[in-house]
Amino acid sequence: MAAVQDVEIDPEGTFKYILVRLQRPGGEGQRHIVRGTKAAEFHNHIFEKVNPEMEKLGYECKCLGGGKIDHNSKDKKIRVFGLSTGYGKADHSVTVEILKKVYTDYEITWSDDKK
């Protein structure tokens, strides 16, 4: 699982994101990853891209929910908020913990606000 990056998000702006659980078939070992991009009109567009990539690597994927990320690289701030109509709200606290592993010098917050 080390070959898969914990986080792949756009370097700037506000965009949709999903929280995905990866595991090997049979359930041994699992972890969570965060994916987000402005290119996605809907949350399922992100999952439709991630799922085949992870299947090729031998993982089963499950989308645990979504929301939005506001990424301000100039001020080193990330805000996680909102929800996905199709997948429901991701556990933003889990998302923030994953983001903190990658963006160690950022201020990262979350809320249940819709905007």
# chains A, B, ... in the order shown; residues from 1 in each chain; ligands from 1
>>> select_by_dssp(residues="segment 14-61 of chain A", states="helix (DSSP H, G or I)", output="PDB file with N, CA, C and O atoms, in the first residue's frame")
ATOM      1  N   HIS A  43     -18.793  14.440  -7.213  1.00  0.00           N
ATOM      2  CA  HIS A  43     -17.896  13.598  -6.425  1.00  0.00           C
ATOM      3  C   HIS A  43     -17.640  12.245  -7.082  1.00  0.00           C
ATOM      4  O   HIS A  43     -16.535  11.716  -7.005  1.00  0.00           O
ATOM      5  N   ASN A  44     -18.666  11.689  -7.732  1.00  0.00           N
ATOM      6  CA  ASN A  44     -18.485  10.367  -8.346  1.00  0.00           C
ATOM      7  C   ASN A  44     -17.468  10.399  -9.488  1.00  0.00           C
ATOM      8  O   ASN A  44     -16.866   9.379  -9.794  1.00  0.00           O
ATOM      9  N   HIS A  45     -17.233  11.556 -10.082  1.00  0.00           N
ATOM     10  CA  HIS A  45     -16.224  11.654 -11.143  1.00  0.00           C
ATOM     11  C   HIS A  45     -14.831  11.372 -10.575  1.00  0.00           C
ATOM     12  O   HIS A  45     -13.985  10.796 -11.259  1.00  0.00           O
ATOM     13  N   ILE A  46     -14.602  11.775  -9.332  1.00  0.00           N
ATOM     14  CA  ILE A  46     -13.310  11.507  -8.693  1.00  0.00           C
ATOM     15  C   ILE A  46     -13.177   9.999  -8.455  1.00  0.00           C
ATOM     16  O   ILE A  46     -12.153   9.395  -8.770  1.00  0.00           O
ATOM     17  N   PHE A  47     -14.238   9.397  -7.906  1.00  0.00           N
ATOM     18  CA  PHE A  47     -14.194   7.966  -7.611  1.00  0.00           C
ATOM     19  C   PHE A  47     -14.038   7.140  -8.886  1.00  0.00           C
ATOM     20  O   PHE A  47     -13.298   6.162  -8.907  1.00  0.00           O
ATOM     21  N   GLU A  48     -14.711   7.563  -9.960  1.00  0.00           N
ATOM     22  CA  GLU A  48     -14.623   6.838 -11.235  1.00  0.00           C
ATOM     23  C   GLU A  48     -13.205   6.852 -11.798  1.00  0.00           C
ATOM     24  O   GLU A  48     -12.835   5.975 -12.570  1.00  0.00           O
ATOM     25  N   LYS A  49     -12.413   7.832 -11.426  1.00  0.00           N
ATOM     26  CA  LYS A  49     -11.009   7.889 -11.853  1.00  0.00           C
ATOM     27  C   LYS A  49     -10.116   7.058 -10.915  1.00  0.00           C
ATOM     28  O   LYS A  49      -9.245   6.321 -11.361  1.00  0.00           O
ATOM     29  N   VAL A  50     -10.355   7.181  -9.605  1.00  0.00           N
ATOM     30  CA  VAL A  50      -9.516   6.521  -8.601  1.00  0.00           C
ATOM     31  C   VAL A  50      -9.714   5.004  -8.604  1.00  0.00           C
ATOM     32  O   VAL A  50      -8.750   4.245  -8.534  1.00  0.00           O
ATOM     33  N   ASN A  51     -10.969   4.569  -8.672  1.00  0.00           N
ATOM     34  CA  ASN A  51     -11.281   3.148  -8.515  1.00  0.00           C
ATOM     35  C   ASN A  51     -10.528   2.252  -9.502  1.00  0.00           C
ATOM     36  O   ASN A  51      -9.873   1.302  -9.075  1.00  0.00           O
ATOM     37  N   PRO A  52     -10.559   2.531 -10.826  1.00  0.00           N
ATOM     38  CA  PRO A  52      -9.809   1.657 -11.747  1.00  0.00           C
ATOM     39  C   PRO A  52      -8.295   1.683 -11.500  1.00  0.00           C
ATOM     40  O   PRO A  52      -7.627   0.659 -11.640  1.00  0.00           O
ATOM     41  N   GLU A  53      -7.761   2.856 -11.113  1.00  0.00           N
ATOM     42  CA  GLU A  53      -6.326   2.948 -10.824  1.00  0.00           C
ATOM     43  C   GLU A  53      -5.955   2.033  -9.659  1.00  0.00           C
ATOM     44  O   GLU A  53      -4.932   1.347  -9.688  1.00  0.00           O
ATOM     45  N   MET A  54      -6.793   2.024  -8.617  1.00  0.00           N
ATOM     46  CA  MET A  54      -6.511   1.216  -7.433  1.00  0.00           C
ATOM     47  C   MET A  54      -6.751  -0.273  -7.707  1.00  0.00           C
ATOM     48  O   MET A  54      -6.016  -1.123  -7.208  1.00  0.00           O
ATOM     49  N   GLU A  55      -7.766  -0.578  -8.517  1.00  0.00           N
ATOM     50  CA  GLU A  55      -8.023  -1.982  -8.871  1.00  0.00           C
ATOM     51  C   GLU A  55      -6.833  -2.581  -9.614  1.00  0.00           C
ATOM     52  O   GLU A  55      -6.486  -3.735  -9.398  1.00  0.00           O
ATOM     53  N   LYS A  56      -6.197  -1.776 -10.478  1.00  0.00           N
ATOM     54  CA  LYS A  56      -5.008  -2.249 -11.210  1.00  0.00           C
ATOM     55  C   LYS A  56      -3.881  -2.621 -10.252  1.00  0.00           C
ATOM     56  O   LYS A  56      -3.072  -3.488 -10.545  1.00  0.00           O
TER      57      LYS A  56
END
>>> residues_around(residues="segment 28-35 of chain A", least_positions_apart="2", cutoff="8 Å", atoms="only C-alpha atoms", output="list in words")
Gln5, Asp6, Val7, Glu8, Ile9, Tyr17, Ile18, Leu19, Val20, Arg21, Leu22, Gln23, Arg24, Pro25, Gly26, Thr37, Ile46, Thr95, Ile98 and Leu99 of chain A
>>> write_last_selection(atoms="C-alpha atoms", output="PDB file, in the first residue's frame")
ATOM      1  CA  GLN A   5      -0.036   8.422  -1.989  1.00  0.00           C
ATOM      2  CA  ASP A   6      -2.184   9.386   1.001  1.00  0.00           C
ATOM      3  CA  VAL A   7      -3.278  12.643  -0.620  1.00  0.00           C
ATOM      4  CA  GLU A   8      -3.754  13.866  -4.176  1.00  0.00           C
ATOM      5  CA  ILE A   9      -5.464  17.250  -4.245  1.00  0.00           C
ATOM      6  CA  TYR A  17     -13.008  15.751  -2.490  1.00  0.00           C
ATOM      7  CA  ILE A  18     -13.689  12.156  -1.459  1.00  0.00           C
ATOM      8  CA  LEU A  19     -12.401   9.953   1.350  1.00  0.00           C
ATOM      9  CA  VAL A  20     -11.656   6.440   0.068  1.00  0.00           C
ATOM     10  CA  ARG A  21     -10.920   3.232   1.981  1.00  0.00           C
ATOM     11  CA  LEU A  22      -8.439   0.912   0.281  1.00  0.00           C
ATOM     12  CA  GLN A  23      -8.038  -2.725   1.207  1.00  0.00           C
ATOM     13  CA  ARG A  24      -6.703  -5.917  -0.252  1.00  0.00           C
ATOM     14  CA  PRO A  25      -9.282  -8.509  -1.312  1.00  0.00           C
ATOM     15  CA  GLY A  26     -10.081 -10.604   1.728  1.00  0.00           C
ATOM     16  CA  THR A  37      -9.838  18.185  -7.849  1.00  0.00           C
ATOM     17  CA  ILE A  46     -13.310  11.507  -8.693  1.00  0.00           C
ATOM     18  CA  THR A  95      -9.625  13.653   6.277  1.00  0.00           C
ATOM     19  CA  ILE A  98      -4.564  12.403   6.584  1.00  0.00           C
ATOM     20  CA  LEU A  99      -3.952  15.906   5.195  1.00  0.00           C
TER      21      LEU A  99
END
>>> residues_around(residues="Asp112 of chain A", least_positions_apart="2", cutoff="7 Å", atoms="only C-alpha atoms", output="PyMOL selection string")
chain A and resi 81-82+114
>>> closest_residue(among="A:Asp105, A:Asp91, A:Asp10, A:Glu60", to="Ala39 of chain A", atoms="only C-alpha atoms")
A:Asp10
>>> closest_residue(among="A:Glu97, A:Asp113, A:Glu12, A:Glu41", to="Lys76 of chain A", atoms="only C-alpha atoms")
A:Glu12
